>>> print(open('query_9.cif').read())   # mmCIF, C-alpha atoms
data_query
loop_
_atom_site.label_atom_id
_atom_site.label_comp_id
_atom_site.auth_asym_id
_atom_site.auth_seq_id
_atom_site.Cartn_x
_atom_site.Cartn_y
_atom_site.Cartn_z
CA MET E 1268 -39.72 138.73 215.73
CA ILE E 1269 -37.73 139.58 212.60
CA ASP E 1270 -39.53 139.09 209.29
CA TYR E 1271 -36.69 137.64 207.23
CA GLY E 1272 -38.94 137.27 204.21
CA GLU E 1273 -39.57 141.00 204.13
CA LEU E 1274 -35.85 141.78 204.52
CA PHE E 1275 -34.85 139.43 201.70
CA TYR E 1276 -37.69 140.68 199.47
CA GLU E 1277 -36.52 144.29 199.97
CA HIS E 1278 -32.96 143.16 199.22
CA TYR E 1279 -34.06 141.47 195.99
CA THR E 1280 -36.08 144.53 194.97
CA LYS E 1281 -33.03 146.75 195.47
CA PHE E 1282 -30.88 144.63 193.15
CA LEU E 1283 -33.36 142.91 190.81
CA GLY E 1284 -36.45 145.12 190.65
CA GLU E 1285 -39.94 143.66 190.97
CA PRO E 1286 -40.51 139.97 190.25
CA LYS E 1287 -42.42 139.07 187.08
CA LYS E 1288 -43.88 135.90 188.61
CA ARG E 1289 -43.92 133.97 191.83
CA LYS E 1290 -44.83 130.38 192.62
CA THR E 1291 -45.41 128.85 196.01
CA PHE E 1292 -44.16 125.33 196.71
CA ARG E 1293 -45.12 123.07 199.61
CA ASN E 1294 -43.37 119.94 200.73
CA SER E 1295 -46.13 119.17 203.21
CA ASN E 1296 -48.78 121.02 205.16
CA GLU E 1297 -46.74 120.68 208.35
CA ILE E 1298 -43.83 122.88 207.28
CA PRO E 1299 -43.67 126.42 205.82
CA SER E 1300 -43.83 126.90 202.07
CA ILE E 1301 -41.08 128.33 199.89
CA GLN E 1302 -41.74 130.84 197.15
CA ILE E 1303 -39.64 131.05 194.02
CA LEU E 1304 -39.62 134.55 192.56
CA ARG E 1305 -38.85 135.08 188.88
CA TYR E 1306 -36.98 138.13 187.57
CA GLU E 1307 -36.36 138.98 183.93
CA ASN E 1308 -33.99 141.41 182.20
CA VAL E 1309 -31.39 141.28 184.98
CA PHE E 1310 -28.89 139.50 182.70
CA ASP E 1311 -29.23 139.53 178.92
CA GLY E 1312 -31.17 136.47 177.77
CA CYS E 1313 -31.41 134.97 181.26
CA THR E 1314 -33.99 134.63 183.99
CA VAL E 1315 -33.14 134.93 187.68
CA PHE E 1316 -34.97 132.78 190.22
CA THR E 1317 -34.75 133.51 193.93
CA SER E 1318 -36.06 131.61 196.91
CA LEU E 1319 -38.11 133.33 199.57
CA GLY E 1320 -38.93 131.45 202.74
CA LEU E 1321 -35.79 129.33 203.04
CA SER E 1322 -34.62 131.73 205.75
CA ARG E 1323 -37.36 130.34 208.03
CA TYR E 1324 -35.33 127.14 208.24
CA GLU E 1325 -32.30 128.68 209.99
CA SER E 1326 -32.40 126.12 212.81
CA ILE E 1327 -32.18 123.25 210.30
CA LEU E 1328 -29.82 124.78 207.72
CA GLY E 1329 -27.54 126.69 210.06
CA THR E 1330 -27.82 130.03 208.26
CA ILE E 1331 -30.31 132.75 207.52
CA SER E 1332 -30.11 132.34 203.77
CA GLU E 1333 -31.89 132.28 200.46
CA VAL E 1334 -30.75 131.00 197.06
CA THR E 1335 -30.53 132.50 193.57
CA LEU E 1336 -30.48 130.51 190.32
CA VAL E 1337 -29.73 132.11 186.95
CA THR E 1338 -30.35 130.27 183.68
CA ASP E 1339 -30.71 131.11 180.01
CA CYS E 1340 -33.47 128.57 179.25
CA ALA E 1341 -35.84 125.96 180.75
CA PHE E 1342 -37.53 128.69 182.75
CA ASP E 1343 -40.70 126.73 183.43
CA GLU E 1344 -38.77 123.77 184.87
CA SER E 1345 -36.10 125.65 186.82
CA ASP E 1346 -38.28 127.00 189.63
CA GLU E 1347 -39.70 123.55 190.43
CA ILE E 1348 -36.24 121.94 190.39
CA LEU E 1349 -34.84 124.63 192.68
CA ALA E 1350 -37.74 124.30 195.14
CA ASN E 1351 -37.44 120.50 195.21
CA ILE E 1352 -33.71 120.64 195.90
CA LEU E 1353 -34.21 123.19 198.67
CA PHE E 1354 -36.84 120.99 200.32
CA HIS E 1355 -34.45 118.04 199.99
CA CYS E 1356 -31.82 120.06 201.87
CA ILE E 1357 -34.37 120.84 204.58
CA ASP E 1358 -35.55 117.22 204.84
CA GLN E 1359 -32.00 115.88 205.01
CA LYS E 1360 -30.72 118.74 207.21
CA ILE E 1361 -28.06 119.63 204.63
CA LYS E 1362 -26.42 122.95 205.44
CA ILE E 1363 -26.50 125.18 202.38
CA GLY E 1364 -23.34 127.11 201.66
CA ARG E 1365 -20.51 127.76 199.24
CA GLY E 1366 -19.06 124.64 197.76
CA MET E 1367 -21.88 122.14 197.90
CA SER E 1368 -23.67 120.20 195.20
CA ILE E 1369 -26.88 118.19 195.24
CA ASP E 1370 -27.40 115.64 192.49
CA GLY E 1371 -30.54 113.76 191.52
CA ILE E 1372 -32.26 116.25 189.22
CA ALA E 1373 -33.27 113.27 187.07
CA ASN E 1374 -35.44 112.14 190.00
CA ILE E 1375 -37.25 115.50 189.89
CA ASN E 1376 -37.45 116.00 186.12
CA GLU E 1377 -35.93 113.22 184.02
CA GLU E 1378 -36.72 114.93 180.71
CA PHE E 1379 -34.90 118.12 181.80
CA SER E 1380 -31.87 116.12 182.99
CA LYS E 1381 -31.61 114.20 179.71
CA MET E 1382 -32.22 117.22 177.48
CA TYR E 1383 -29.61 119.46 179.11
CA GLN E 1384 -27.28 116.76 180.48
CA LYS E 1385 -27.45 118.36 183.93
CA ASN E 1386 -28.17 116.29 187.02
CA ALA E 1387 -26.97 118.47 189.91
CA LEU E 1388 -27.23 121.94 191.36
CA TYR E 1389 -24.02 123.56 192.61
CA PHE E 1390 -24.06 126.27 195.32
CA THR E 1391 -21.51 129.05 195.71
CA ILE E 1392 -21.22 132.77 196.43
CA PRO E 1393 -22.90 135.13 193.95
CA TYR E 1394 -21.02 136.34 190.89
CA GLY E 1395 -22.17 138.61 188.11
CA PHE E 1396 -24.09 140.58 190.73
CA PRO E 1397 -22.82 143.59 192.69
CA GLU E 1398 -20.64 142.45 195.61
CA GLU E 1399 -23.26 143.55 198.16
CA TYR E 1400 -25.86 141.20 196.65
CA GLY E 1401 -24.61 138.22 198.65
CA ASN E 1402 -25.08 139.85 202.06
CA VAL E 1403 -28.34 141.00 203.58
CA LYS E 1404 -28.30 143.42 206.50
CA ILE E 1405 -30.30 142.17 209.44
CA LEU E 1406 -30.55 144.50 212.43
CA GLY E 1407 -27.67 146.48 210.94
CA GLU E 1408 -25.35 143.46 210.77
CA ILE E 1409 -23.80 142.66 207.41
CA ASN E 1410 -23.22 138.95 206.64
CA LYS E 1411 -26.07 137.95 208.97
CA GLY E 1412 -28.27 137.05 206.01
CA VAL E 1413 -26.71 135.41 202.99
CA VAL E 1414 -27.79 134.91 199.38
CA TYR E 1415 -26.10 131.92 197.73
CA GLN E 1416 -25.98 131.38 194.01
CA SER E 1417 -26.69 128.05 192.37
CA PHE E 1418 -26.31 126.72 188.85
CA PHE E 1419 -26.87 123.47 187.01
CA ILE E 1420 -23.95 121.09 186.49
CA SER E 1421 -23.49 117.70 184.85
CA GLN E 1422 -23.17 114.45 186.78
CA LYS E 1423 -19.45 114.24 185.84
CA GLU E 1424 -18.91 117.81 187.08
CA HIS E 1425 -20.68 116.89 190.33
CA GLU E 1426 -18.44 113.84 190.74
CA PHE E 1427 -15.33 115.96 190.03
CA PHE E 1428 -16.46 118.43 192.69
CA VAL E 1429 -17.09 115.63 195.23
CA SER E 1430 -13.63 114.16 194.56
CA ASN E 1431 -11.63 117.40 194.33
CA GLY E 1432 -13.49 120.06 196.34
CA ALA E 1433 -14.89 123.50 195.67
CA GLU E 1434 -11.60 125.31 195.00
CA ALA E 1435 -10.50 122.85 192.30
CA PHE E 1436 -13.98 122.79 190.75
CA GLU E 1437 -14.35 126.56 190.66
CA ASP E 1438 -10.77 126.93 189.38
CA ILE E 1439 -11.48 124.63 186.43
CA LEU E 1440 -14.72 126.49 185.67
CA GLU E 1441 -12.75 129.74 185.55
CA GLU E 1442 -9.88 128.21 183.57
CA LYS E 1443 -12.30 126.87 180.93
CA GLU E 1444 -14.20 130.20 180.93
CA VAL E 1445 -17.49 128.49 181.65
CA ASP E 1446 -20.67 130.54 181.59
CA PRO E 1447 -22.64 128.73 184.30
CA PHE E 1448 -25.82 130.56 183.26
CA GLU E 1449 -25.72 128.65 179.94
CA LEU E 1450 -27.77 125.52 180.40
CA ASN E 1451 -26.86 123.98 177.04
CA ARG E 1452 -23.10 124.22 177.67
CA LYS E 1453 -21.08 121.03 177.40
CA SER E 1454 -19.71 119.44 180.55
CA ILE E 1455 -16.11 120.43 181.25
CA ILE E 1456 -15.30 116.95 182.58
#
>>> encode(input="query_9.cif", output="structure tokens")
Amino acid sequence: MIDYGELFYEHYTKFLGEPKKRKTFRNSNEIPSIQILRYENVFDGCTVFTSLGLSRYESILGTISEVTLVTDCAFDESDEILANILFHCIDQKIKIGRGMSIDGIANINEEFSKMYQKNALYFTIPYGFPEEYGNVKILGEINKGVVYQSFFISQKEHEFFVSNGAEAFEDILEEKEVDPFELNRKSII
């Protein structure tokens, strides 16, 4: 049996170095845990969080994948929010991939949502990383394992995405030169 966790961990080490911290999250004792690894000094002033263990849910999520989140603040809250959203995707059998958004962060951490005016997590392909970061080789096959990137968005941005789709949403982010790593940024909608 392939140890996806080991493959993704080696992949992260290649691109991010060694994690500074790791936290294990459980949704229940009946299903496998998810770890959130924390990396510092990858991007100036930001912390990178990566999931480890999401790949065990291939049969539910449809892909062998893990998720990265980069943010410039709220480090102590970000790992818990990411883990909760990933467990929500597992519980609801939501296939993770480019161009999806999950709202409801206020249900996880109301104070965070109010403070930063962010209530959703948007998923896409990695940017800011080397091109190879998004694809993990499994048994010599590229694109077999995937790393998606996520970032926090406002409720209005989430609603715009739902109404207009990923292309329009990502186009407007690019047009407005949004730094999605910046948590305190104003909503573009």
>>> closest_atom_pairs(input="query_9.cif", of="stretch 1374-1430 of chain E", to="stretch 1355-1364 of chain E", cutoff="10 Å", atoms="all atoms listed in the file", output="CSV")
residue,atom,partner,partner_atom,distance
E:Tyr1389,CA,E:Gly1364,CA,9.7
E:Phe1390,CA,E:Gly1364,CA,6.4
E:Thr1391,CA,E:Gly1364,CA,6.5
E:Ile1392,CA,E:Gly1364,CA,8.0
E:Val1413,CA,E:Gly1364,CA,9.1
E:Val1414,CA,E:Gly1364,CA,9.3
E:Tyr1415,CA,E:Gly1364,CA,6.8
E:Gln1416,CA,E:Gly1364,CA,9.2
E:Ser1417,CA,E:Gly1364,CA,9.9
>>> resolve_selection(input="query_9.cif", expression="the PyMOL selection byres ((chain E and resi 1425) around 10)", output="list in words")
Met1367, Ser1368, Ile1369, Asp1370, Lys1385, Asn1386, Ala1387, Leu1388, Tyr1389, Phe1419, Ile1420, Ser1421, Gln1422, Lys1423, Glu1424, Glu1426, Phe1427, Phe1428, Val1429, Ser1430, Asn1431, Gly1432, Phe1436 and Ile1456 of chain E
>>> atom_distance(input="query_9.cif", atom1="atom CA of E:Glu1307", atom2="atom CA of E:Lys1287")
6.8 Å
>>> resolve_selection(input="query_9.cif", expression="the PyMOL selection byres ((chain E and resi 1341) around 12)", output="PyMOL selection string")
chain E and resi 1312-1316+1336-1340+1342-1348+1376+1378-1380+1382-1383+1385+1419+1448-1451
>>> residues_around(input="query_9.cif", residues="E:Glu1277", least_positions_apart="3", cutoff="12 Å", atoms="all atoms listed in the file", output="PDB file with C-alpha atoms, in the coordinates of the input")
ATOM      1  CA  ASP E1270     -39.530 139.090 209.290  1.00  0.00           C
ATOM      2  CA  TYR E1271     -36.690 137.640 207.230  1.00  0.00           C
ATOM      3  CA  GLY E1272     -38.940 137.270 204.210  1.00  0.00           C
ATOM      4  CA  GLU E1273     -39.570 141.000 204.130  1.00  0.00           C
ATOM      5  CA  LEU E1274     -35.850 141.780 204.520  1.00  0.00           C
ATOM      6  CA  THR E1280     -36.080 144.530 194.970  1.00  0.00           C
ATOM      7  CA  LYS E1281     -33.030 146.750 195.470  1.00  0.00           C
ATOM      8  CA  PHE E1282     -30.880 144.630 193.150  1.00  0.00           C
ATOM      9  CA  LEU E1283     -33.360 142.910 190.810  1.00  0.00           C
ATOM     10  CA  GLY E1284     -36.450 145.120 190.650  1.00  0.00           C
ATOM     11  CA  GLU E1285     -39.940 143.660 190.970  1.00  0.00           C
ATOM     12  CA  PRO E1286     -40.510 139.970 190.250  1.00  0.00           C
ATOM     13  CA  LEU E1319     -38.110 133.330 199.570  1.00  0.00           C
ATOM     14  CA  TYR E1400     -25.860 141.200 196.650  1.00  0.00           C
ATOM     15  CA  VAL E1403     -28.340 141.000 203.580  1.00  0.00           C
ATOM     16  CA  LYS E1404     -28.300 143.420 206.500  1.00  0.00           C
ATOM     17  CA  ILE E1405     -30.300 142.170 209.440  1.00  0.00           C
TER      18      ILE E1405
END
>>> closest_residue(input="query_9.cif", among="E:Ala1433, E:Lys1453, E:Arg1365, E:Phe1310", to="E:Phe1396", atoms="all atoms listed in the file")
E:Phe1310
>>> atom_distance(input="query_9.cif", atom1="atom CA of E:Leu1406", atom2="atom CA of E:Leu1353")
25.6 Å
>>> closest_residue(input="query_9.cif", among="E:Ile1352, E:Gly1412, E:Glu1377, E:Glu1444", to="E:Phe1275", atoms="all atoms listed in the file")
E:Gly1412
